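Engineer: Sharing structure_5.txt below, compact mmCIF, C-alpha atoms:
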```txt
# COMPACT_ATOMS: atom_id res chain seq x y z
CA MET A 4 -8.09 -34.75 72.14
CA MET A 5 -4.96 -34.74 70.00
CA THR A 6 -3.22 -36.92 72.61
CA PHE A 7 -6.11 -39.39 72.53
CA ILE A 8 -6.06 -39.50 68.72
CA ASP A 9 -2.29 -39.92 68.66
CA LYS A 10 -2.42 -42.78 71.15
CA TYR A 11 -5.50 -44.74 70.12
CA ILE A 12 -6.43 -43.80 66.53
CA MET A 13 -3.17 -43.19 64.69
CA PRO A 14 -1.67 -46.68 65.25
CA GLY A 15 -4.78 -48.37 63.86
CA ALA A 16 -5.05 -45.92 60.97
CA VAL A 17 -1.41 -46.43 60.01
CA LYS A 18 -1.84 -50.20 60.21
CA VAL A 19 -4.88 -50.11 57.93
CA GLY A 20 -3.13 -47.75 55.53
CA ASN A 21 -0.12 -50.07 55.25
CA ASN A 22 -2.08 -53.31 54.84
CA ARG A 23 -0.69 -55.00 51.73
CA HIS A 24 -4.07 -56.39 50.65
CA LEU A 25 -5.86 -53.06 50.84
CA LEU A 26 -2.94 -51.37 49.09
CA ALA A 27 -3.08 -53.92 46.27
CA ILE A 28 -6.81 -53.27 45.78
CA ARG A 29 -6.45 -49.49 45.95
CA ASP A 30 -3.41 -49.29 43.67
CA THR A 31 -5.04 -51.56 41.09
CA LEU A 32 -8.28 -49.60 40.91
CA ILE A 33 -6.35 -46.35 40.72
CA GLY A 34 -4.12 -47.84 38.02
CA MET A 35 -7.23 -48.70 36.00
CA ILE A 36 -8.21 -45.03 35.80
CA ALA A 37 -7.46 -44.78 32.06
CA ILE A 38 -9.83 -47.70 31.40
CA THR A 39 -12.65 -46.40 33.59
CA MET A 40 -12.23 -42.83 32.43
CA ILE A 41 -12.49 -43.50 28.69
CA GLY A 42 -15.37 -45.91 29.23
CA SER A 43 -17.20 -43.35 31.34
CA PHE A 44 -16.74 -40.53 28.86
CA ALA A 45 -17.81 -42.80 25.98
CA VAL A 46 -21.13 -43.38 27.74
CA LEU A 47 -21.36 -39.70 28.63
CA PHE A 48 -20.83 -38.48 25.06
CA ASN A 49 -23.36 -41.00 23.76
CA ASN A 50 -26.04 -39.87 26.18
CA LEU A 51 -25.32 -36.18 25.77
CA GLY A 52 -27.08 -36.52 22.44
CA GLN A 53 -30.31 -37.05 24.37
CA VAL A 54 -29.68 -34.24 26.87
CA ILE A 55 -28.31 -31.69 24.39
CA LYS A 56 -30.31 -32.12 21.20
CA PRO A 57 -28.15 -29.88 18.94
CA TYR A 58 -25.11 -31.98 19.88
CA GLY A 59 -26.94 -35.18 18.95
CA ARG A 60 -28.07 -33.78 15.61
CA MET A 61 -24.54 -32.55 14.86
CA MET A 62 -23.00 -35.97 15.61
CA GLU A 63 -25.61 -37.76 13.52
CA ALA A 64 -25.09 -35.37 10.59
CA THR A 65 -21.31 -35.84 10.81
CA PHE A 66 -20.97 -39.58 11.45
CA GLY A 67 -24.37 -41.00 10.49
CA PRO A 68 -27.24 -42.59 12.47
CA ALA A 69 -24.90 -45.16 14.08
CA TRP A 70 -22.48 -42.54 15.47
CA ASN A 71 -22.94 -43.84 19.03
CA THR A 72 -21.64 -47.30 18.08
CA LEU A 73 -18.14 -46.11 18.97
CA GLY A 74 -19.20 -45.36 22.52
CA GLY A 75 -20.79 -48.79 22.84
CA ASP A 76 -17.62 -50.49 21.59
CA ILE A 77 -15.47 -48.56 24.07
CA TRP A 78 -17.87 -49.44 26.91
CA PHE A 79 -17.64 -53.13 25.97
CA GLY A 80 -13.84 -53.03 25.95
CA THR A 81 -13.62 -51.31 29.34
CA PHE A 82 -16.51 -51.65 31.77
CA ALA A 83 -17.74 -54.99 30.46
CA PHE A 84 -14.52 -56.65 31.68
CA MET A 85 -13.83 -54.52 34.74
CA THR A 86 -13.45 -57.48 37.11
CA VAL A 87 -11.04 -59.30 34.80
CA PHE A 88 -8.70 -56.30 34.80
CA ALA A 89 -9.00 -56.07 38.58
CA VAL A 90 -8.10 -59.75 39.10
CA PHE A 91 -4.92 -59.39 37.04
CA GLY A 92 -3.91 -56.15 38.73
CA ILE A 93 -4.65 -57.08 42.34
CA SER A 94 -2.86 -60.39 42.07
CA TYR A 95 0.16 -58.76 40.45
CA LYS A 96 0.39 -55.98 43.05
CA LEU A 97 -0.08 -58.37 45.99
CA ALA A 98 2.51 -60.85 44.71
CA ARG A 99 4.98 -58.00 44.16
CA SER A 100 4.52 -56.91 47.78
CA TYR A 101 5.85 -60.34 48.81
CA GLY A 102 8.91 -60.01 46.57
CA ASP A 103 7.52 -62.20 43.78
CA ASP A 104 7.72 -60.96 40.18
CA GLY A 105 3.92 -61.24 39.99
CA PHE A 106 3.61 -62.53 36.43
CA GLU A 107 2.79 -66.16 37.16
CA ALA A 108 0.66 -65.15 40.15
CA MET A 109 -1.69 -63.00 38.09
CA LEU A 110 -2.12 -65.71 35.44
CA VAL A 111 -2.87 -68.36 38.06
CA SER A 112 -5.34 -66.07 39.84
CA ALA A 113 -7.12 -65.33 36.57
CA ALA A 114 -7.42 -69.08 35.91
CA CYS A 115 -8.89 -69.58 39.38
CA PHE A 116 -11.40 -66.79 38.78
CA PHE A 117 -12.50 -68.18 35.41
CA LEU A 118 -12.92 -71.76 36.62
CA LEU A 119 -15.26 -70.58 39.39
CA LEU A 120 -17.66 -69.06 36.85
CA PRO A 121 -20.66 -70.95 35.42
CA GLN A 122 -19.89 -72.55 32.07
CA ILE A 123 -23.50 -72.32 30.96
CA GLY A 124 -25.47 -69.09 31.05
CA ASN A 125 -29.26 -69.07 30.96
CA VAL A 126 -30.85 -67.01 28.19
CA THR A 127 -34.54 -66.11 27.97
CA LEU A 128 -35.99 -65.91 24.46
CA THR A 129 -39.53 -65.09 23.36
CA ILE A 130 -40.86 -67.75 20.98
CA ASP A 131 -44.48 -67.63 19.81
CA ASP A 132 -45.26 -65.08 22.53
CA LYS A 133 -43.84 -67.39 25.18
CA ASP A 134 -40.69 -66.85 27.22
CA VAL A 135 -38.40 -69.86 26.90
CA THR A 136 -35.38 -70.09 29.21
CA GLY A 137 -32.45 -72.24 28.23
CA GLY A 138 -28.70 -72.28 28.09
CA ALA A 139 -25.78 -73.35 26.00
CA TRP A 140 -22.19 -74.08 26.94
CA GLY A 141 -19.96 -71.03 26.71
CA PHE A 142 -22.73 -68.42 26.68
CA ILE A 143 -21.92 -66.57 29.91
CA SER A 144 -23.54 -63.34 31.04
CA VAL A 145 -21.33 -60.26 30.97
CA ASN A 146 -22.37 -59.71 34.60
CA TYR A 147 -19.77 -62.29 35.58
CA PHE A 148 -17.00 -60.09 34.16
CA ASN A 149 -18.11 -56.48 34.77
CA ALA A 150 -18.30 -54.54 38.03
CA THR A 151 -21.19 -56.73 39.23
CA ALA A 152 -18.60 -59.44 39.95
CA LEU A 153 -15.94 -57.08 41.31
CA PHE A 154 -16.25 -58.27 44.91
CA THR A 155 -15.86 -61.88 43.83
CA GLY A 156 -12.86 -61.00 41.69
CA ILE A 157 -11.18 -59.22 44.59
CA VAL A 158 -11.73 -62.15 46.96
CA VAL A 159 -10.49 -64.74 44.46
CA ALA A 160 -7.44 -62.66 43.48
CA LEU A 161 -6.37 -62.15 47.09
CA ILE A 162 -6.86 -65.77 48.20
CA ALA A 163 -5.40 -67.38 45.06
CA THR A 164 -2.33 -65.13 45.24
CA GLU A 165 -1.79 -65.90 48.92
CA ILE A 166 -1.95 -69.64 48.22
CA PHE A 167 0.35 -69.38 45.21
CA VAL A 168 2.98 -67.24 46.96
CA ARG A 169 3.05 -69.50 50.02
CA LEU A 170 3.33 -72.67 47.96
CA SER A 171 6.11 -71.06 45.91
CA ARG A 172 8.15 -70.75 49.11
CA VAL A 173 7.99 -74.49 49.83
CA LYS A 174 11.35 -75.69 48.53
CA TYR A 175 10.10 -79.24 47.90
CA LEU A 176 7.59 -77.89 45.36
CA VAL A 177 10.14 -75.85 43.43
CA ILE A 178 11.63 -77.46 40.29
CA LYS A 179 15.22 -76.36 39.72
CA LEU A 180 16.61 -76.68 36.21
CA PRO A 181 20.30 -76.65 35.20
CA ASP A 182 22.07 -73.31 34.92
CA GLY A 183 22.18 -73.45 31.12
CA VAL A 184 18.37 -73.24 30.83
CA PRO A 185 17.07 -69.77 29.79
CA PRO A 186 15.96 -67.72 32.83
CA ALA A 187 12.35 -67.33 31.60
CA VAL A 188 11.98 -71.12 31.24
CA ALA A 189 13.65 -71.73 34.60
CA ARG A 190 11.28 -69.33 36.36
CA SER A 191 8.23 -70.94 34.78
CA PHE A 192 9.25 -74.43 35.84
CA ALA A 193 10.24 -73.24 39.31
CA LYS A 194 6.61 -72.25 39.95
CA LEU A 195 4.97 -74.99 37.90
CA VAL A 196 3.86 -77.13 40.83
CA PRO A 197 2.66 -74.21 43.02
CA GLY A 198 0.64 -72.86 40.09
CA MET A 199 -0.93 -76.22 39.28
CA ALA A 200 -1.69 -76.85 42.96
CA THR A 201 -3.35 -73.44 43.39
CA ILE A 202 -5.61 -73.98 40.38
CA PHE A 203 -6.45 -77.50 41.54
CA ILE A 204 -7.38 -76.22 45.01
CA ALA A 205 -9.66 -73.60 43.45
CA GLY A 206 -11.29 -76.26 41.26
CA VAL A 207 -11.98 -78.58 44.21
CA PHE A 208 -13.35 -75.65 46.22
CA GLY A 209 -15.69 -74.69 43.38
CA LEU A 210 -16.99 -78.24 43.09
CA LEU A 211 -17.61 -78.59 46.83
CA PHE A 212 -19.14 -75.12 47.01
CA ARG A 213 -21.68 -75.86 44.27
CA LYS A 214 -22.57 -79.11 46.02
CA ALA A 215 -23.08 -77.34 49.35
CA THR A 216 -25.20 -74.53 47.85
CA ASP A 217 -27.40 -76.56 45.50
CA GLY A 218 -25.54 -75.58 42.35
CA GLN A 219 -24.87 -71.88 43.06
CA VAL A 220 -21.58 -70.49 41.85
CA LEU A 221 -19.45 -68.39 44.18
CA ASN A 222 -20.31 -65.05 42.54
CA ASP A 223 -24.07 -65.58 42.77
CA TRP A 224 -23.85 -66.68 46.40
CA LEU A 225 -21.62 -63.77 47.44
CA GLY A 226 -23.89 -61.32 45.61
CA LYS A 227 -26.93 -62.55 47.49
CA VAL A 228 -25.42 -63.00 50.95
CA ILE A 229 -22.76 -60.27 51.20
CA VAL A 230 -22.61 -57.81 48.30
CA SER A 231 -26.26 -56.72 48.10
CA PRO A 232 -26.64 -56.10 51.88
CA LEU A 233 -23.22 -54.41 51.96
CA GLN A 234 -24.01 -52.07 49.06
CA SER A 235 -27.34 -51.16 50.67
CA ALA A 236 -25.52 -50.28 53.90
CA VAL A 237 -22.79 -48.36 52.10
CA ASP A 238 -25.21 -46.36 49.94
CA SER A 239 -26.67 -44.67 53.00
CA LEU A 240 -26.41 -41.28 54.65
CA PRO A 241 -24.91 -42.59 57.94
CA PHE A 242 -22.11 -44.31 56.03
CA ALA A 243 -21.47 -41.17 53.99
CA ILE A 244 -21.22 -39.05 57.13
CA LEU A 245 -18.93 -41.57 58.86
CA LEU A 246 -16.64 -41.86 55.84
CA VAL A 247 -16.24 -38.11 55.31
CA PHE A 248 -15.72 -37.53 59.04
CA LEU A 249 -12.97 -40.18 59.25
CA VAL A 250 -11.22 -38.93 56.10
CA HIS A 251 -10.93 -35.41 57.49
CA LEU A 252 -10.15 -36.53 61.03
CA LEU A 253 -7.17 -38.46 59.66
CA TRP A 254 -6.06 -35.41 57.68
CA MET A 255 -6.16 -33.30 60.85
CA ILE A 256 -3.56 -35.57 62.47
CA GLY A 257 -1.33 -35.54 59.40
CA LEU A 258 -2.46 -38.77 57.71
CA HIS A 259 -3.73 -38.96 54.13
CA GLY A 260 -7.33 -39.95 54.82
CA PRO A 261 -8.42 -40.87 51.26
CA ASN A 262 -5.35 -43.06 50.74
CA ILE A 263 -5.71 -44.86 54.05
CA LEU A 264 -9.40 -45.62 53.59
CA GLY A 265 -9.16 -46.04 49.81
CA GLY A 266 -8.55 -49.78 49.98
CA ILE A 267 -11.97 -50.19 51.60
CA THR A 268 -14.01 -47.45 49.96
CA THR A 269 -12.64 -47.41 46.40
CA PRO A 270 -14.05 -50.86 45.41
CA LEU A 271 -17.45 -49.94 46.83
CA PHE A 272 -17.59 -46.56 45.09
CA GLU A 273 -16.22 -47.98 41.83
CA SER A 274 -18.72 -50.82 41.80
CA SER A 275 -21.66 -48.51 42.42
CA GLY A 276 -20.30 -45.98 39.93
CA VAL A 277 -19.96 -48.53 37.14
CA LYS A 278 -23.47 -49.78 37.90
CA ASN A 279 -24.78 -46.22 37.44
CA ILE A 280 -22.85 -45.80 34.21
CA ASP A 281 -24.27 -49.08 32.87
CA LEU A 282 -27.82 -48.04 33.77
CA TYR A 283 -27.25 -44.68 32.11
CA ALA A 284 -25.87 -46.36 28.99
CA LYS A 285 -29.04 -48.47 28.78
CA GLY A 286 -31.20 -45.36 29.08
CA VAL A 287 -32.79 -46.32 32.42
CA LYS A 288 -35.02 -43.47 33.63
CA ASP A 289 -35.98 -44.84 37.05
CA MET A 290 -33.77 -42.85 39.46
CA ASP A 291 -34.44 -45.33 42.29
CA GLN A 292 -32.21 -47.86 40.53
CA TYR A 293 -29.19 -45.57 40.66
CA GLY A 294 -26.81 -45.46 43.62
CA VAL A 295 -26.24 -42.18 45.44
CA LEU A 296 -22.72 -42.72 46.82
CA ALA A 297 -21.29 -43.74 43.48
CA GLY A 298 -18.04 -43.12 41.64
CA SER A 299 -17.07 -39.44 41.75
CA PHE A 300 -19.75 -38.31 44.23
CA LEU A 301 -17.28 -36.85 46.74
CA ASP A 302 -15.00 -35.29 44.11
CA ALA A 303 -17.95 -33.64 42.37
CA PHE A 304 -19.92 -32.35 45.36
CA VAL A 305 -17.84 -32.45 48.57
CA TYR A 306 -14.08 -32.23 47.93
CA LEU A 307 -14.32 -28.80 46.30
CA GLY A 308 -10.70 -27.73 46.08
CA GLY A 309 -9.59 -30.96 47.74
CA SER A 310 -10.29 -32.56 51.11
CA GLY A 311 -11.97 -30.08 53.43
CA ALA A 312 -13.40 -28.11 50.50
CA THR A 313 -10.48 -25.74 50.93
CA LEU A 314 -11.36 -23.75 47.82
CA GLY A 315 -14.03 -22.25 50.08
CA LEU A 316 -11.26 -21.37 52.54
CA ILE A 317 -9.25 -19.61 49.82
CA ILE A 318 -12.34 -17.60 48.81
CA ALA A 319 -12.94 -16.75 52.47
CA MET A 320 -9.33 -15.54 52.72
CA ILE A 321 -9.84 -13.31 49.70
CA ILE A 322 -12.94 -11.83 51.34
CA ALA A 323 -11.72 -11.47 54.93
CA GLY A 324 -7.93 -11.42 54.88
CA ARG A 325 -6.66 -10.57 51.42
CA LYS A 326 -3.68 -8.55 52.66
CA ARG A 327 -2.69 -10.91 55.43
CA TYR A 328 -3.01 -14.10 53.40
CA LYS A 329 -1.83 -12.67 50.09
CA GLN A 330 1.05 -15.14 49.80
CA MET A 331 -1.07 -18.13 50.83
CA ILE A 332 -3.79 -17.18 48.32
CA ALA A 333 -1.20 -16.95 45.56
CA LEU A 334 0.38 -20.26 46.61
CA GLY A 335 -2.79 -22.30 47.02
CA GLY A 336 -5.28 -20.58 44.69
CA ALA A 337 -4.35 -22.08 41.33
CA PRO A 338 -3.76 -25.64 42.65
CA GLY A 339 -7.00 -25.38 44.66
CA VAL A 340 -9.02 -24.83 41.50
CA PHE A 341 -7.76 -28.24 40.37
CA GLN A 342 -8.51 -29.96 43.69
CA ILE A 343 -4.88 -29.88 44.92
CA ASN A 344 -4.71 -28.44 48.41
CA GLU A 345 -1.47 -29.64 50.01
CA PRO A 346 -0.07 -26.05 49.95
CA ILE A 347 -3.00 -24.95 52.13
CA LEU A 348 -3.07 -28.07 54.34
CA PHE A 349 0.58 -27.85 55.30
CA GLY A 350 1.32 -24.18 54.54
CA LEU A 351 -1.39 -22.46 56.60
CA PRO A 352 -1.29 -24.99 58.30
CA ILE A 353 -4.55 -26.85 58.77
CA VAL A 354 -2.96 -30.16 59.78
CA LEU A 355 -2.54 -30.44 63.57
CA ASN A 356 -4.11 -26.99 64.02
CA PRO A 357 -7.15 -27.10 66.35
CA MET A 358 -8.25 -23.67 65.07
CA TRP A 359 -9.39 -25.17 61.77
CA PHE A 360 -10.84 -28.43 63.11
CA ILE A 361 -14.50 -27.40 63.00
CA PRO A 362 -14.68 -25.94 59.45
CA PHE A 363 -12.31 -28.51 57.94
CA VAL A 364 -14.02 -31.59 59.39
CA LEU A 365 -17.63 -30.56 59.89
CA GLY A 366 -17.95 -28.42 56.76
CA PRO A 367 -17.60 -31.40 54.39
CA VAL A 368 -19.96 -33.42 56.58
CA ILE A 369 -22.62 -30.73 56.14
CA THR A 370 -22.16 -30.58 52.35
CA THR A 371 -22.23 -34.39 52.23
CA VAL A 372 -25.62 -34.42 53.95
CA ILE A 373 -26.93 -31.75 51.56
CA SER A 374 -25.58 -33.58 48.51
CA TYR A 375 -26.92 -36.97 49.58
CA ILE A 376 -30.41 -35.58 50.22
CA ALA A 377 -30.36 -33.66 46.93
CA VAL A 378 -29.42 -36.73 44.86
CA SER A 379 -31.54 -39.28 46.74
CA SER A 380 -34.62 -37.04 46.50
CA GLY A 381 -34.23 -36.65 42.74
CA MET A 382 -33.52 -32.92 42.81
CA VAL A 383 -30.05 -33.58 41.39
CA PHE A 384 -29.24 -36.18 38.74
CA PRO A 385 -27.10 -39.04 40.10
CA ILE A 386 -23.45 -39.66 39.26
CA VAL A 387 -23.29 -41.33 35.84
CA ALA A 388 -19.76 -40.49 34.68
CA LYS A 389 -16.30 -40.84 36.18
CA ILE A 390 -14.35 -37.61 36.26
CA PRO A 391 -10.67 -37.00 37.02
CA TRP A 392 -10.27 -35.90 40.63
CA VAL A 393 -8.48 -32.75 39.38
CA THR A 394 -11.60 -31.54 37.55
CA PRO A 395 -12.44 -28.00 38.78
CA PRO A 396 -15.49 -27.62 41.06
CA ILE A 397 -18.85 -26.93 39.42
CA VAL A 398 -17.47 -28.24 36.09
CA GLY A 399 -17.00 -31.58 37.85
CA GLY A 400 -20.59 -31.57 39.08
CA PHE A 401 -21.83 -30.88 35.56
CA LEU A 402 -19.77 -33.65 33.93
CA ALA A 403 -20.25 -36.27 36.65
CA THR A 404 -24.04 -36.06 36.33
CA GLY A 405 -23.96 -36.58 32.58
CA GLY A 406 -24.11 -32.93 31.59
CA HIS A 407 -27.03 -32.03 33.84
CA VAL A 408 -27.11 -28.47 35.16
CA SER A 409 -28.44 -29.70 38.50
CA GLY A 410 -25.01 -31.19 39.29
CA ALA A 411 -23.26 -27.89 38.63
CA ILE A 412 -25.81 -25.98 40.73
CA LEU A 413 -25.37 -28.36 43.68
CA ALA A 414 -21.57 -28.03 43.50
CA ALA A 415 -21.88 -24.21 43.36
CA ILE A 416 -24.22 -24.16 46.38
CA ASN A 417 -21.84 -26.38 48.36
CA LEU A 418 -18.94 -24.10 47.48
CA VAL A 419 -20.87 -21.10 48.81
CA ILE A 420 -21.75 -23.03 51.97
CA SER A 421 -18.11 -24.06 52.48
CA THR A 422 -17.01 -20.46 52.07
CA ALA A 423 -19.62 -19.29 54.58
CA ILE A 424 -18.46 -21.92 57.10
CA TYR A 425 -14.81 -20.92 56.77
CA LEU A 426 -15.45 -17.17 56.80
CA PRO A 427 -15.96 -16.60 60.58
CA PHE A 428 -12.88 -18.69 61.34
CA VAL A 429 -10.80 -16.63 58.91
CA TYR A 430 -12.02 -13.45 60.63
CA ALA A 431 -11.17 -14.96 64.01
CA GLN A 432 -7.70 -16.04 62.86
CA VAL A 433 -7.01 -12.56 61.47
CA LYS A 434 -7.94 -11.00 64.83
CA ILE A 435 -5.77 -13.50 66.72
CA ASP A 436 -2.80 -12.86 64.42
CA THR A 437 -3.26 -9.08 64.68
CA LYS A 438 -3.45 -9.25 68.46
CA ASN A 439 -0.34 -11.43 68.66
CA GLU A 440 1.58 -9.08 66.38
CA THR A 441 0.53 -6.08 68.49
CA GLU A 442 1.71 -7.78 71.69
CA ILE A 443 5.01 -8.77 70.08
CA THR A 444 5.52 -5.16 68.92
CA LYS A 445 4.82 -3.82 72.44
CA ASP A 446 7.18 -6.36 74.01
CA SER A 447 9.87 -5.41 71.52
CA GLU A 448 9.43 -1.71 72.23
CA THR A 449 9.59 -2.38 75.99
CA LEU A 450 12.84 -4.30 75.59
CA ASN A 451 14.33 -1.52 73.48
CA VAL A 452 13.48 1.02 76.16
```
Go through the file and emit its structure as structure tokens.
Structural biologist:
Amino acid sequence: MMTFIDKYIMPGAVKVGNNRHLLAIRDTLIGMIAITMIGSFAVLFNNLGQVIKPYGRMMEATFGPAWNTLGGDIWFGTFAFMTVFAVFGISYKLARSYGDDGFEAMLVSAACFFLLLPQIGNVTLTIDDKDVTGGAWGFISVNYFNATALFTGIVVALIATEIFVRLSRVKYLVIKLPDGVPPAVARSFAKLVPGMATIFIAGVFGLLFRKATDGQVLNDWLGKVIVSPLQSAVDSLPFAILLVFLVHLLWMIGLHGPNILGGITTPLFESSGVKNIDLYAKGVKDMDQYGVLAGSFLDAFVYLGGSGATLGLIIAMIIAGRKRYKQMIALGGAPGVFQINEPILFGLPIVLNPMWFIPFVLGPVITTVISYIAVSSGMVFPIVAKIPWVTPPIVGGFLATGGHVSGAILAAINLVISTAIYLPFVYAQVKIDTKNETEITKDSETLNV
């Protein structure tokens, strides 16, 4: 099996992991963690006042009735413009991967993104008990800037940057100024024509696209034709099982599964996560509107101690092989509490060790199924807050679900299940090691005789 994986799976996995476009998307969304984190916690702290009444009364007594205005302002400055940040970042990262400085590329890509948006947004007002729909120039819905438009932003950033970088390499389009001109001015003029041409191409495309789709803008069309069906497919149990299986299969052959697949999965999880946070901020009670595989779902419920839920393995070692694995427990215990498990993965080792294949790969699949069913059935509150991936298990489940105890209970149950799955394999490994040591001792005694 390892030969088959090495021959047929590893080359493709490495190629996907090194794809410059996926890396640009992944690195940008990871780089935006400060923005998403503070926005998430702002919404969380606002809504905790409804979940934990004493907290709400304390905040109101301290800061007044409008104490949650701060959370709303932070949400507006972060999540409301999520796609705008992504366009700048993806374009910059992608241009840098081609050796460009990235500054002009990200500005040109942002211009292309903005010009493809509708300039008039429809607003429905109730006048004399009648709903009147109209629009005015410049009044654009925030849905064209937040995570709802993230897919469109990614597509536009990638394509606009590719066009700009390629045009910048055409020497006939580069304006060279005399040596005495300041470097900043010279660089701007050198890419003047490629930048103008890229924006012009985007403008012509937008015009032709609206004509071909009876006035639909790119974001609306993509949302209807691609994004909605894709999100429905992604937010499903089969996709969850496939994703978790592939992540841990890649780890088993020595490849960082989350990083390799992050360029594909991170935008989908982030988009669904921000949608949940927005619904939670608006006080939506209908659980059917929330996504299941959203934001920190895996970190909160599945990756307990890191990929493979190896905190369960450490607990199993304490139960079944405390003396034998004393050094490994000391080395991996503290990092494991904070979801860092490289000492266990490479120190035990788990990587490239068939002995641990079943618990390391199938254990997380089992807890994924349990978690998905628990959230989708309404037994556990959905993910409504983004948590740092180093948040300790159980605490992460509590925070990610907006301070609901059900999230902590689910994480605790999964940790017990992970420990139970690892336990027989720890016992088996201890017996194998003991037997090997006994045989080595006998062989040594025989040689001495």
Engineer: Rounded to one decimal, what separation in Å do you get between CA of Gly286 in chain A and CA of Thr370 in chain A?
Structural biologist: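 Going from CA of Gly286 in chain A over to CA of Thr370 in chain A, I get 29.0 Å.
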Engineer: Taking (-3.1, -17.1, 47.6) in the file's coordinates as the center, which residues reach within 12 Å of it, counting only C-alpha atoms, put as a PyMOL selection string?
Structural biologist: chain A and resi 313-314+316-322+324-340+344+346-347+350-351
Engineer: Contacts of Ala205 in chain A at 8 Å or less, counting only C-alpha atoms, minus same-chain residues fewer than 3 places along, as a list in words?
Structural biologist: Cys115, Leu118, Leu119, Ala163, Thr201, Ile202, Phe208 and Gly209 of chain A
Engineer: Would you kindly return, as a ChimeraX atom specification, each protein, DNA or RNA residue with an atom no farther than 12 Å from any atom of range 418-431 of chain A, considering only C-alpha atoms and excluding same-chain residues fewer than 4 positions away?
Structural biologist: /A:303-325,327-328,340,351,353,357-371,373-374,395-397,400,411-414,435-438
Engineer: Residues at most 10 Å from Ala113 in chain A, counting only C-alpha atoms, excluding those fewer than 6 positions away in the same chain, as a ChimeraX atom specification?
Structural biologist: /A:87-92,94,107,156,159-160,163-164,202
Engineer: Just to confirm, what's the straight-line distance from CA of Thr268 in chain A to CA of Gly226 in chain A in Å (one decimal)?
Structural biologist: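 Computing the Euclidean distance for CA of Thr268 in chain A and CA of Gly226 in chain A yields 17.6 Å.
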Engineer: Go ahead and compute the interatomic distance for CA of Trp224 in chain A and CA of Phe272 in chain A, in Å to one decimal.
Structural biologist: 21.1 Å
Engineer: Tell me which of A:Tyr101, A:Phe106, A:Tyr293, A:Trp78 sits closest to Arg190 in chain A, counting all atoms listed in the file.
Structural biologist: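 For Arg190 in chain A, the nearest of the candidates is A:Phe106.
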Engineer: So which one's closest to Val196 in chain A, A:Val295, A:Met290, A:Ile178, A:Ile416? Using all atoms listed in the file, please.
Structural biologist: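 Smallest distance to Val196 in chain A is found for A:Ile178.
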Engineer: So which residues touch Arg172 in chain A within 12 Å, counting only C-alpha atoms, skipping near sequence neighbours fewer than 2 positions away, as an MDAnalysis selection string?
Structural biologist: chainID A and resid 101:103 165:170 174:178 193:194 196:198
Engineer: Please write the residues from the selection above to a file, keeping C-alpha atoms, as a tab-separated table (two decimals), in the coordinates of the input.
Structural biologist:
```
chain	number	residue	atom	x	y	z
A	101	TYR	CA	5.85	-60.34	48.81
A	102	GLY	CA	8.91	-60.01	46.57
A	103	ASP	CA	7.52	-62.20	43.78
A	165	GLU	CA	-1.79	-65.90	48.92
A	166	ILE	CA	-1.95	-69.64	48.22
A	167	PHE	CA	0.35	-69.38	45.21
A	168	VAL	CA	2.98	-67.24	46.96
A	169	ARG	CA	3.05	-69.50	50.02
A	170	LEU	CA	3.33	-72.67	47.96
A	174	LYS	CA	11.35	-75.69	48.53
A	175	TYR	CA	10.10	-79.24	47.90
A	176	LEU	CA	7.59	-77.89	45.36
A	177	VAL	CA	10.14	-75.85	43.43
A	178	ILE	CA	11.63	-77.46	40.29
A	193	ALA	CA	10.24	-73.24	39.31
A	194	LYS	CA	6.61	-72.25	39.95
A	196	VAL	CA	3.86	-77.13	40.83
A	197	PRO	CA	2.66	-74.21	43.02
A	198	GLY	CA	0.64	-72.86	40.09
```
Engineer: Have a look at A:Ala64, A:Ile204, A:Gly265, A:Lys285 and name the one nearest to Leu26 in chain A; count only C-alpha atoms.
Structural biologist: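 With only C-alpha atoms as the atom set, the closest residue is A:Gly265.
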Engineer: List the spatial neighbours of Asp104 in chain A as a list in words - criterion: any atom at most 8 Å away, only C-alpha atoms, same-chain residues fewer than 5 positions off excluded.
Structural biologist: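 Final neighbour list, sorted by chain and number: Tyr95, Ala98 and Arg99 of chain A.
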Engineer: With C-alpha atoms retained, could you export that selection as a PDB file, in the coordinates of the input?
Structural biologist:
```pdb
ATOM      1  CA  TYR A  95       0.160 -58.760  40.450  1.00  0.00           C
ATOM      2  CA  ALA A  98       2.510 -60.850  44.710  1.00  0.00           C
ATOM      3  CA  ARG A  99       4.980 -58.000  44.160  1.00  0.00           C
TER       4      ARG A  99
END
```
Engineer: Put the listed atoms of range 97-106 of chain A in a box along x, y and z with 4 Å added on every side and give me the centre and edge lengths in Å to one decimal, as lines of an AutoDock Vina configuration file.
Structural biologist:
```
center_x = 4.4
center_y = -59.7
center_z = 42.6
size_x = 17.0
size_y = 13.6
size_z = 20.4
```
Engineer: Considering only C-alpha atoms, can you say which of A:Leu221, A:Ala189, A:Val383, A:Val372 comes closest to Ser239 in chain A?
Structural biologist: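 Closest residue, counting only C-alpha atoms: A:Val372.
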